[in-house]
Amino acid sequence: MGDYPVVQMDTDTLLTTTRSVRRRLDFNRPAPLGLIRECLTIAIQAPTSANRQHWSFVVIQDPVKRRQIGAIYKRQWDWLASSPYAVAGRFADDPARAPEQRKASDGGAYLAEHLADVPALVLPCIEVEGDTALPLADQADTWGSIMPAAWNFMLAAHTRGLGTAWTSLTTRVNDEIRAIVGYPDNVYHATLLPVAYYTGTTFRPGKRVPLDDIVHIDAW
């Protein structure tokens, strides 16, 4: 549908191999704005509450702003890594899950060190009605109107050779990101997506807990 090559894959392959890419992001190859726009064109086919389409997407390529955001992200990662909620510390007593947690933590630490080197950062944002506060009663409505679009973007990026990673650390300091980017007081970013060409050619489905452990039929 555009000017950039698309890797053809069946739907199940696309859905099971779109992974958060951290160590395999190519920092030395620019991510063209035209390609990012092509992915965003697919992203906005996602649904929004009442078809409001009250989303915005900030694409950050400026190296100064990337460094500023990278410093904030690193500070937030260091806080997380030393907290009781550290990624590596979760499920430490589970021999099946502990290695995966350590692997995820190592990837997260690597990204925190190099976020400023990623050629583009994408902030999927959502506007709230009324005053500038996030309405507690409408959290599902609010985030449900932007997260599907962010996921659509990640899927589209994957088929075009771009790696992305779902990150949420900066959402805890939304005002600091707002000060750098300048979006209005009634707008919030739902995630920060680093975007770069990925190295290598293959991705595998991630390890997940057994389905029977999490599926409940008719009652919990």
# chains A, B, ... in the order shown; residues from 1 in each chain; ligands from 1
>>> residues_around(residues="stretch 201-203 of chain A", least_positions_apart="4", cutoff="10 Å", atoms="only C-alpha atoms", output="CSV table (one decimal) with N, CA and C atoms, in the first residue's frame")
chain,number,residue,atom,x,y,z
A,13,THR,N,1.2,-16.0,12.0
A,13,THR,CA,2.7,-15.7,12.1
A,13,THR,C,2.9,-14.3,12.5
A,14,LEU,N,2.2,-13.3,11.9
A,14,LEU,CA,2.3,-11.9,12.3
A,14,LEU,C,2.0,-11.7,13.8
A,16,THR,N,2.0,-13.8,16.3
A,16,THR,CA,2.8,-14.6,17.2
A,16,THR,C,4.3,-14.2,17.2
A,17,THR,N,4.7,-13.4,16.2
A,17,THR,CA,6.1,-13.1,16.1
A,17,THR,C,6.4,-11.6,16.2
A,18,THR,N,5.4,-10.8,16.5
A,18,THR,CA,5.6,-9.4,16.7
A,18,THR,C,6.0,-9.2,18.2
A,19,ARG,N,7.3,-9.1,18.4
A,19,ARG,CA,7.8,-9.1,19.7
A,19,ARG,C,8.3,-7.7,20.1
A,21,VAL,N,11.2,-5.5,20.6
A,21,VAL,CA,12.6,-5.6,20.2
A,21,VAL,C,13.4,-4.6,20.9
A,158,HIS,N,6.4,-4.3,12.1
A,158,HIS,CA,7.1,-5.6,12.0
A,158,HIS,C,7.1,-6.1,10.5
A,161,GLY,N,10.0,-4.5,8.4
A,161,GLY,CA,11.4,-4.5,8.9
A,161,GLY,C,11.7,-3.6,10.0
>>> closest_atom_pairs(of="stretch 20-106 of chain A", to="stretch 186-191 of chain A", cutoff="10 Å", atoms="only C-alpha atoms", output="JSON lines")
{"residue": "A:His54", "atom": "CA", "partner": "A:Val187", "partner_atom": "CA", "distance": 9.5}
{"residue": "A:Trp55", "atom": "CA", "partner": "A:Val187", "partner_atom": "CA", "distance": 8.8}
{"residue": "A:Ser56", "atom": "CA", "partner": "A:Val187", "partner_atom": "CA", "distance": 8.7}
{"residue": "A:Phe57", "atom": "CA", "partner": "A:His189", "partner_atom": "CA", "distance": 8.7}
{"residue": "A:Val58", "atom": "CA", "partner": "A:His189", "partner_atom": "CA", "distance": 9.1}
>>> residues_around(residues="A:Arg97", least_positions_apart="5", cutoff="9 Å", atoms="only C-alpha atoms", output="ChimeraX atom specification")
/A:90-92,102,207-209
>>> closest_residue(among="A:Gly182, A:Pro32, A:Pro194, A:Pro124", to="A:Ser145", atoms="only C-alpha atoms")
A:Pro124
>>> residues_around(residues="stretch 24-30 of chain A", least_positions_apart="2", cutoff="7 Å", atoms="only C-alpha atoms", output="list in words")
Val21, Arg22, Pro32, Asp117, Val118, Pro119, Gly163, Ala196, Tyr197, Tyr198 and Thr199 of chain A
>>> closest_atom_pairs(of="stretch 90-180 of chain A", to="stretch 64-84 of chain A", cutoff="9 Å", atoms="only C-alpha atoms", output="tab-separated table")
residue	atom	partner	partner_atom	distance
A:Arg90	CA	A:Pro84	CA	8.7
A:Ser105	CA	A:Ala81	CA	8.3
A:Gly108	CA	A:Trp77	CA	7.9
A:Ala109	CA	A:Trp77	CA	7.2
A:Leu111	CA	A:Lys74	CA	8.6
A:Ala112	CA	A:Lys74	CA	4.9
A:Glu113	CA	A:Lys74	CA	6.5
A:His114	CA	A:Gly70	CA	7.5
A:Leu115	CA	A:Gly70	CA	5.2
A:Ala116	CA	A:Arg67	CA	4.7
A:Asp117	CA	A:Arg66	CA	7.7
A:Val118	CA	A:Arg66	CA	8.0
A:Pro119	CA	A:Arg66	CA	8.4
A:Ala120	CA	A:Arg66	CA	8.0
A:Leu121	CA	A:Arg66	CA	7.5
A:Leu169	CA	A:Gln76	CA	6.1
A:Thr170	CA	A:Tyr73	CA	6.2
A:Arg172	CA	A:Gln76	CA	8.5
A:Val173	CA	A:Ile72	CA	8.5
A:Glu176	CA	A:Ile72	CA	8.2
A:Ile177	CA	A:Ile69	CA	7.0
A:Ile180	CA	A:Lys65	CA	6.9
>>> residues_around(residues="A:Thr142", least_positions_apart="5", cutoff="9 Å", atoms="only C-alpha atoms", output="list in words")
Thr48, Ser49, Ile126, Glu127, Val128, Leu134 and Pro135 of chain A
